[in-house]
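Chemist: Input structure: input27.cif, which contains mmCIF, C-alpha atoms.
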data_final
#
loop_
_atom_site.label_atom_id
_atom_site.label_comp_id
_atom_site.auth_asym_id
_atom_site.auth_seq_id
_atom_site.Cartn_x
_atom_site.Cartn_y
_atom_site.Cartn_z
CA MET D 1 -22.01 44.19 60.27
CA ASN D 2 -25.38 44.59 62.00
CA ASP D 3 -27.00 44.34 58.57
CA ILE D 4 -25.37 40.93 58.09
CA LEU D 5 -26.47 39.71 61.53
CA THR D 6 -30.08 40.82 61.02
CA ALA D 7 -30.33 39.72 57.38
CA GLY D 8 -32.07 36.55 56.29
CA LYS D 9 -35.52 35.09 56.73
CA VAL D 10 -37.50 32.00 57.63
CA GLU D 11 -40.72 31.29 55.71
CA THR D 12 -43.38 28.59 55.98
CA THR D 13 -46.15 27.26 53.77
CA THR D 14 -48.55 24.35 54.28
CA ASP D 15 -50.32 22.65 51.39
CA ASP D 16 -53.67 20.86 51.34
CA ARG D 17 -51.98 17.52 52.06
CA GLY D 18 -50.68 18.79 55.40
CA VAL D 19 -47.10 19.08 54.11
CA ALA D 20 -45.49 22.09 55.78
CA THR D 21 -42.36 23.55 54.17
CA ILE D 22 -39.96 25.56 56.31
CA SER D 23 -37.42 27.50 54.25
CA PHE D 24 -34.51 29.60 55.49
CA PHE D 25 -32.31 32.07 53.63
CA HIS D 26 -29.29 34.26 54.34
CA PRO D 27 -27.41 36.25 51.67
CA SER D 28 -24.06 34.96 52.94
CA HIS D 29 -24.28 31.38 51.60
CA ASN D 30 -27.21 30.58 53.90
CA SER D 31 -25.05 30.98 56.98
CA LEU D 32 -26.96 31.20 60.24
CA PRO D 33 -26.50 34.14 62.63
CA GLY D 34 -27.93 33.75 66.13
CA ALA D 35 -31.18 35.61 65.42
CA LEU D 36 -31.91 33.41 62.41
CA LEU D 37 -31.08 30.24 64.37
CA THR D 38 -33.56 31.26 67.07
CA GLU D 39 -36.24 32.06 64.51
CA LEU D 40 -35.67 28.75 62.73
CA ALA D 41 -35.88 26.75 65.98
CA GLU D 42 -39.05 28.56 67.07
CA THR D 43 -40.62 28.02 63.64
CA ILE D 44 -39.90 24.27 63.67
CA THR D 45 -41.45 24.00 67.14
CA ARG D 46 -44.53 26.05 66.23
CA VAL D 47 -45.21 24.33 62.90
CA GLY D 48 -44.68 20.92 64.50
CA GLN D 49 -47.46 21.67 67.00
CA GLU D 50 -49.99 22.87 64.43
CA ALA D 51 -52.92 20.51 63.85
CA ALA D 52 -52.77 21.05 60.07
CA THR D 53 -49.16 19.80 59.88
CA LYS D 54 -48.68 16.14 59.02
CA VAL D 55 -45.06 16.24 57.84
CA ILE D 56 -42.40 18.94 57.55
CA ILE D 57 -39.90 19.66 54.76
CA LEU D 58 -36.85 21.63 55.94
CA ARG D 59 -34.95 23.40 53.17
CA SER D 60 -32.96 26.51 52.29
CA GLU D 61 -33.29 28.85 49.34
CA GLY D 62 -30.96 29.15 46.35
CA ASP D 63 -29.36 26.47 44.23
CA LYS D 64 -25.79 26.32 45.53
CA THR D 65 -25.11 26.18 49.29
CA PHE D 66 -27.58 24.48 51.62
CA CYS D 67 -26.03 26.04 54.72
CA ALA D 68 -22.56 27.46 55.39
CA GLY D 69 -22.94 27.06 59.16
CA ALA D 70 -22.09 29.74 61.70
CA SER D 71 -21.85 33.40 60.74
CA PHE D 72 -18.16 34.37 60.73
CA ASP D 73 -19.12 38.00 61.35
CA GLU D 74 -20.90 37.02 64.53
CA LEU D 75 -18.09 34.68 65.61
CA MET D 76 -15.65 37.58 65.37
CA ALA D 77 -17.95 39.78 67.45
CA ILE D 78 -18.04 37.42 70.44
CA GLU D 79 -16.40 39.10 73.43
CA ASP D 80 -16.80 36.64 76.33
CA GLU D 81 -17.60 32.99 77.12
CA ALA D 82 -21.24 33.66 77.98
CA GLN D 83 -21.79 35.38 74.64
CA GLY D 84 -20.02 32.51 72.88
CA GLN D 85 -22.14 29.88 74.61
CA THR D 86 -25.29 31.80 73.72
CA PHE D 87 -24.31 31.92 70.04
CA PHE D 88 -23.39 28.24 69.74
CA SER D 89 -26.53 27.33 71.67
CA GLY D 90 -28.41 28.56 68.59
CA PHE D 91 -27.46 25.39 66.76
CA ALA D 92 -28.44 23.42 69.86
CA LYS D 93 -31.89 25.04 69.70
CA VAL D 94 -32.40 24.03 66.06
CA ILE D 95 -31.22 20.44 66.60
CA ASN D 96 -33.35 20.04 69.73
CA ALA D 97 -36.35 21.60 67.98
CA CYS D 98 -36.01 18.97 65.23
CA ARG D 99 -35.49 16.22 67.82
CA THR D 100 -38.55 17.09 69.93
CA CYS D 101 -40.84 18.01 67.03
CA PRO D 102 -43.63 15.39 66.97
CA LYS D 103 -43.76 15.43 63.17
CA ILE D 104 -41.35 13.70 60.78
CA ILE D 105 -38.94 16.20 59.22
CA ILE D 106 -37.69 15.62 55.68
CA GLY D 107 -34.42 17.33 54.81
CA ARG D 108 -33.87 18.80 51.35
CA VAL D 109 -30.19 19.56 50.77
CA GLN D 110 -29.56 21.08 47.35
CA GLY D 111 -25.90 22.08 47.81
CA LYS D 112 -22.92 22.08 50.12
CA ALA D 113 -23.40 21.75 53.88
CA ILE D 114 -20.60 23.12 56.05
CA GLY D 115 -20.12 23.02 59.83
CA GLY D 116 -23.45 23.70 61.49
CA GLY D 117 -25.14 23.04 58.15
CA VAL D 118 -24.14 19.38 58.44
CA GLY D 119 -25.75 19.39 61.88
CA VAL D 120 -29.00 20.79 60.50
CA ALA D 121 -29.09 18.08 57.82
CA ALA D 122 -28.32 15.41 60.42
CA ALA D 123 -31.16 16.62 62.65
CA THR D 124 -33.78 15.78 60.01
CA ASP D 125 -35.41 12.36 60.05
CA TYR D 126 -35.03 11.49 56.36
CA CYS D 127 -32.75 13.53 54.16
CA PHE D 128 -32.64 13.93 50.37
CA ALA D 129 -29.72 15.59 48.59
CA THR D 130 -28.18 16.33 45.20
CA GLN D 131 -24.77 15.22 43.97
CA GLN D 132 -23.59 18.77 44.74
CA ALA D 133 -24.41 18.39 48.45
CA TRP D 134 -20.87 17.76 49.66
CA VAL D 135 -20.22 18.00 53.41
CA LYS D 136 -17.43 19.42 55.56
CA LEU D 137 -17.01 19.91 59.31
CA SER D 138 -14.56 22.80 59.11
CA GLU D 139 -14.60 23.89 62.77
CA LEU D 140 -11.14 22.55 63.66
CA VAL D 141 -9.58 24.75 60.96
CA VAL D 142 -10.56 27.87 62.92
CA GLY D 143 -9.59 26.44 66.30
CA ILE D 144 -12.93 25.20 67.60
CA GLY D 145 -14.61 21.85 66.97
CA PRO D 146 -17.97 20.38 65.89
CA PHE D 147 -19.04 19.98 69.51
CA VAL D 148 -22.67 21.10 69.33
CA VAL D 149 -23.56 19.36 66.06
CA GLY D 150 -21.43 16.32 66.90
CA PRO D 151 -24.13 14.25 68.64
CA ALA D 152 -26.57 14.73 65.75
CA VAL D 153 -23.97 13.92 63.09
CA GLU D 154 -22.58 10.94 65.02
CA ARG D 155 -26.10 9.58 65.54
CA LYS D 156 -26.57 9.47 61.76
CA ILE D 157 -23.16 8.36 60.47
CA GLY D 158 -21.46 6.66 63.45
CA LYS D 159 -18.42 7.62 65.49
CA ALA D 160 -15.77 6.49 62.98
CA ALA D 161 -17.21 8.48 60.07
CA PHE D 162 -17.83 11.45 62.37
CA ALA D 163 -14.15 11.32 63.39
CA GLN D 164 -13.14 11.37 59.71
CA LEU D 165 -15.25 14.46 59.05
CA ALA D 166 -14.22 16.24 62.24
CA LEU D 167 -10.47 15.59 61.95
CA ASP D 168 -10.11 16.05 58.18
CA ALA D 169 -11.59 19.49 58.69
CA ALA D 170 -10.24 21.17 55.55
CA GLU D 171 -11.66 18.64 53.08
CA PHE D 172 -15.12 18.04 51.68
CA ARG D 173 -16.68 14.58 51.51
CA THR D 174 -18.92 13.87 48.52
CA ALA D 175 -22.67 13.49 48.67
CA THR D 176 -22.19 9.82 47.76
CA TRP D 177 -19.92 9.41 50.81
CA ALA D 178 -22.57 11.08 52.98
CA CYS D 179 -25.26 8.81 51.55
CA ASN D 180 -23.16 5.66 52.05
CA HIS D 181 -22.66 6.63 55.70
CA GLY D 182 -26.34 7.35 56.39
CA LEU D 183 -26.49 11.15 56.47
CA TYR D 184 -28.50 11.21 53.25
CA ALA D 185 -31.14 8.62 52.41
CA GLU D 186 -31.13 9.44 48.68
CA VAL D 187 -28.91 11.45 46.33
CA HIS D 188 -30.26 12.86 43.04
CA ASP D 189 -28.48 14.25 40.00
CA THR D 190 -30.45 17.51 39.69
CA ILE D 191 -32.45 19.85 41.91
CA ARG D 192 -35.55 19.09 39.82
CA HIS D 193 -35.21 15.38 40.51
CA LEU D 194 -34.50 16.17 44.17
CA ASP D 195 -37.70 18.18 44.49
CA GLU D 196 -39.75 15.52 42.71
CA ALA D 197 -38.49 12.89 45.15
CA VAL D 198 -39.04 15.10 48.22
CA THR D 199 -42.58 15.99 47.11
CA ALA D 200 -43.51 12.37 46.41
CA PHE D 201 -42.08 11.11 49.71
CA ALA D 202 -43.77 13.87 51.72
CA GLY D 203 -47.08 12.94 50.11
CA LYS D 204 -46.61 9.30 51.12
CA LEU D 205 -45.87 10.21 54.73
CA ALA D 206 -48.80 12.64 54.90
CA ALA D 207 -51.15 9.77 54.01
CA TYR D 208 -49.96 7.56 56.88
CA ASN D 209 -51.49 7.41 60.37
CA PRO D 210 -50.20 10.58 62.10
CA GLU D 211 -50.19 8.88 65.50
CA ALA D 212 -48.03 6.08 64.13
CA LEU D 213 -45.60 8.62 62.67
CA THR D 214 -45.35 10.47 65.99
CA GLU D 215 -44.70 7.22 67.88
CA LEU D 216 -42.09 6.19 65.30
CA LYS D 217 -40.40 9.57 65.64
CA ARG D 218 -40.19 9.03 69.40
CA VAL D 219 -38.60 5.61 68.86
CA LEU D 220 -36.10 6.93 66.30
CA TRP D 221 -34.80 9.54 68.77
CA GLN D 222 -34.81 7.30 71.84
CA GLY D 223 -31.71 7.81 73.96
CA THR D 224 -31.32 11.51 73.12
CA GLU D 225 -33.49 12.86 75.94
CA HIS D 226 -30.43 14.36 77.66
CA TRP D 227 -29.52 16.52 74.64
CA ASP D 228 -31.22 19.63 76.08
CA GLN D 229 -28.39 19.73 78.61
CA LEU D 230 -25.64 18.04 76.56
CA LEU D 231 -25.77 20.40 73.58
CA VAL D 232 -25.70 23.50 75.79
CA GLU D 233 -22.66 22.08 77.60
CA ARG D 234 -21.04 21.48 74.21
CA ALA D 235 -21.88 25.06 73.22
CA GLY D 236 -19.89 26.16 76.26
CA ILE D 237 -16.77 24.40 74.92
CA SER D 238 -17.05 26.21 71.58
CA GLY D 239 -17.87 29.45 73.36
CA ARG D 240 -14.61 29.23 75.30
CA LEU D 241 -12.44 28.16 72.36
CA VAL D 242 -13.72 30.90 70.05
CA LEU D 243 -11.99 33.45 72.30
CA SER D 244 -8.55 31.85 71.88
CA ASP D 245 -5.75 33.65 70.05
CA PHE D 246 -5.62 30.78 67.55
CA THR D 247 -9.27 31.20 66.61
CA ARG D 248 -9.13 35.00 66.50
CA GLN D 249 -6.20 34.91 64.09
CA ALA D 250 -7.75 32.14 61.98
CA LEU D 251 -11.04 34.02 61.63
CA GLN D 252 -9.18 37.17 60.65
CA ARG D 253 -7.31 35.26 57.92
CA PHE D 254 -10.57 33.85 56.57
CA LYS D 255 -12.18 37.29 56.49
CA SER D 256 -9.23 38.89 54.69
#
How would this structure read if it were set down as structure tokens?
Modeler:
Amino acid sequence: MNDILTAGKVETTTDDRGVATISFFHPSHNSLPGALLTELAETITRVGQEAATKVIILRSEGDKTFCAGASFDELMAIEDEAQGQTFFSGFAKVINACRTCPKIIIGRVQGKAIGGGVGVAAATDYCFATQQAWVKLSELVVGIGPFVVGPAVERKIGKAAFAQLALDAAEFRTATWACNHGLYAEVHDTIRHLDEAVTAFAGKLAAYNPEALTELKRVLWQGTEHWDQLLVERAGISGRLVLSDFTRQALQRFKS
């Protein structure tokens, strides 16, 4: 299991336009163990502070799943509330890194986003997707809830749509549904068309006044300044629930 928890990578490149691309990968459907969440959050913060960076593209590798959310192997290994809060705080770190990053972050979602993966997509400032990028908040199925990612998702799609996703936890919503509710700004029919659109839009943003973009980013996230504390408190709820008999049994069924 340690191999699963230490697998994966985060890579960055910056082109001559000042477009920085942050890419993450994990062999288990781009799920995110705690170590990878921490690395991703730290990378977003570091790249956002670099003078050469004008805009950031956040993406995952592969052509199927954008992000499967939390690592089930790590969920099953949690032994106490403190450990649980620490794990779920990983998603809080990534969301808050996106929120406080002074650069505009473009999301590139090529496939399904599940659980925490929906939160990562929601934490970007402008998100492109393919028709295959269906979304599901599956946390309730295993006895927890989308508490940490909830504020980011609700900020994008509104409370009513967030309630639909959170309560209908076993069902996917289509990329068109996600676009109609504001999670995605554009949906494309192929990955090639997705990448063409992302590249073109990033180039446009990179040509704008960087100070104006930073000020606009601050305006777009106004009212979220308390999230440093809120998301950690929410992580505590998940960290407590993950120890319940219901969740332990549900995770075991999923694994088997």
Chemist: In terms of the shortest atom-to-atom distance over all atoms listed in the file, which of D:Ser71, D:Ser138, D:Gln49, D:Gln110 is closest to Ala97 in chain D?
Modeler: D:Gln49
Chemist: Run the PyMOL selection byres ((chain D and resi 238) around 7) against the file shown and list the residues it catches, as a PyMOL selection string.
Modeler: chain D and resi 85+88+144-145+147+234-237+239-242
Chemist: Can you list, as a list of chain:residue names, every protein, DNA or RNA residue that comes within 7 Å of range 125-133 of chain D when you count all atoms listed in the file, leaving out same-chain residues fewer than 6 positions away?
Modeler: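 The neighbour list is D:Ile104, D:Ile105, D:Ile106, D:Gly107, D:Arg108, D:Val109, D:Gln110, D:Gly111, D:Lys112, D:Ala113, D:Ala175, D:Tyr184, D:Ala185, D:Glu186, D:Val187, D:His188, D:Asp189, D:Thr190, D:Ile191, D:Leu194, D:Val198.
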Chemist: For the PyMOL selection byres ((chain D and resi 243) around 10), applied here, can you spell out every residue it catches as a VMD selection string?
Modeler: chain D and resid 75 to 81 84 143 to 144 238 to 242 244 to 248
Chemist: What is the CA of Leu32 in chain D to CA of Phe162 in chain D distance in Å?
Modeler: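 Here the two named atoms are 21.9 Å from each other.
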Chemist: Counting only C-alpha atoms, which residue out of D:Asp63, D:Pro27, D:Asp15, D:Ser256 sits closest to Arg192 in chain D?
Modeler: D:Asp63
Chemist: Just checking: using only C-alpha atoms, which residue out of D:Gly223, D:Gly119, D:Pro33, D:Pro210 ends up closest to Lys136 in chain D?
Modeler: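 With only C-alpha atoms as the atom set, the closest residue is D:Gly119.
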Chemist: Running the PyMOL selection byres ((chain D and resi 98) around 9) on this model by hand, what would come out? Give it as a list in words.
Modeler: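 Residues picked by the PyMOL selection byres ((chain D and resi 98) around 9): Ala41, Ile44, Thr45, Gly48, Lys93, Val94, Ile95, Asn96, Ala97, Arg99, Thr100, Cys101, Pro102, Lys103, Ile104, Ile105, Val120, Ala123, Thr124 and Asp125 of chain D.
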Chemist: Between D:Val232, D:Val153, D:Gln249, D:Ile114, which one has atoms that come closest to Gly90 in chain D, using all atoms listed in the file?
Modeler: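 Among D:Val232, D:Val153, D:Gln249, D:Ile114, it is D:Val232 that comes nearest to Gly90 in chain D.
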Chemist: Quick one: range 137-157 of chain D with N, CA, C and O atoms, as a compact mmCIF listing (two decimals), in the frame of the given file?
Modeler:
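The result, stored in result-v6.txt:
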# COMPACT_ATOMS: atom_id res chain seq x y z
N LEU D 137 -17.00 19.37 57.95
CA LEU D 137 -17.01 19.91 59.31
C LEU D 137 -15.71 20.69 59.47
O LEU D 137 -14.67 20.13 59.81
N SER D 138 -15.77 21.98 59.23
CA SER D 138 -14.56 22.80 59.11
C SER D 138 -14.13 23.45 60.43
O SER D 138 -13.16 24.22 60.45
N GLU D 139 -14.81 23.15 61.53
CA GLU D 139 -14.60 23.89 62.77
C GLU D 139 -13.15 23.84 63.26
O GLU D 139 -12.62 24.84 63.77
N LEU D 140 -12.50 22.70 63.14
CA LEU D 140 -11.14 22.55 63.66
C LEU D 140 -10.16 23.51 62.97
O LEU D 140 -9.18 23.94 63.56
N VAL D 141 -10.45 23.85 61.72
CA VAL D 141 -9.58 24.75 60.96
C VAL D 141 -9.48 26.12 61.64
O VAL D 141 -8.42 26.76 61.60
N VAL D 142 -10.57 26.56 62.26
CA VAL D 142 -10.56 27.87 62.92
C VAL D 142 -10.37 27.75 64.43
O VAL D 142 -10.58 28.72 65.17
N GLY D 143 -9.96 26.57 64.91
CA GLY D 143 -9.59 26.44 66.30
C GLY D 143 -10.69 26.05 67.26
O GLY D 143 -10.47 26.02 68.47
N ILE D 144 -11.87 25.74 66.73
CA ILE D 144 -12.93 25.20 67.60
C ILE D 144 -13.17 23.76 67.17
O ILE D 144 -12.27 23.12 66.64
N GLY D 145 -14.33 23.22 67.39
CA GLY D 145 -14.61 21.85 66.97
C GLY D 145 -16.10 21.68 66.79
O GLY D 145 -16.89 22.50 67.27
N PRO D 146 -16.54 20.60 66.12
CA PRO D 146 -17.97 20.38 65.89
C PRO D 146 -18.66 19.80 67.12
O PRO D 146 -19.26 18.72 67.08
N PHE D 147 -18.57 20.53 68.24
CA PHE D 147 -19.04 19.98 69.51
C PHE D 147 -20.56 19.95 69.61
O PHE D 147 -21.14 18.96 70.04
N VAL D 148 -21.21 21.03 69.20
CA VAL D 148 -22.67 21.10 69.33
C VAL D 148 -23.36 20.17 68.33
O VAL D 148 -24.29 19.44 68.68
N VAL D 149 -22.91 20.19 67.09
CA VAL D 149 -23.56 19.36 66.06
C VAL D 149 -23.10 17.91 66.13
O VAL D 149 -23.72 17.03 65.54
N GLY D 150 -22.02 17.66 66.85
CA GLY D 150 -21.43 16.32 66.90
C GLY D 150 -22.40 15.21 67.24
O GLY D 150 -22.46 14.19 66.53
N PRO D 151 -23.20 15.33 68.31
CA PRO D 151 -24.13 14.25 68.64
C PRO D 151 -25.12 13.93 67.52
O PRO D 151 -25.42 12.75 67.28
N ALA D 152 -25.62 14.96 66.84
CA ALA D 152 -26.57 14.73 65.75
C ALA D 152 -25.90 14.05 64.56
O ALA D 152 -26.46 13.12 63.96
N VAL D 153 -24.69 14.51 64.22
CA VAL D 153 -23.97 13.92 63.09
C VAL D 153 -23.56 12.48 63.42
O VAL D 153 -23.73 11.56 62.61
N GLU D 154 -23.02 12.29 64.62
CA GLU D 154 -22.58 10.94 65.02
C GLU D 154 -23.75 9.96 65.07
O GLU D 154 -23.61 8.79 64.72
N ARG D 155 -24.92 10.45 65.50
CA ARG D 155 -26.10 9.58 65.54
C ARG D 155 -26.44 9.06 64.16
O ARG D 155 -26.88 7.91 64.01
N LYS D 156 -26.22 9.87 63.13
CA LYS D 156 -26.57 9.47 61.76
C LYS D 156 -25.47 8.62 61.11
O LYS D 156 -25.77 7.63 60.44
N ILE D 157 -24.21 9.00 61.27
CA ILE D 157 -23.16 8.36 60.47
C ILE D 157 -22.22 7.47 61.28
O ILE D 157 -21.38 6.79 60.70
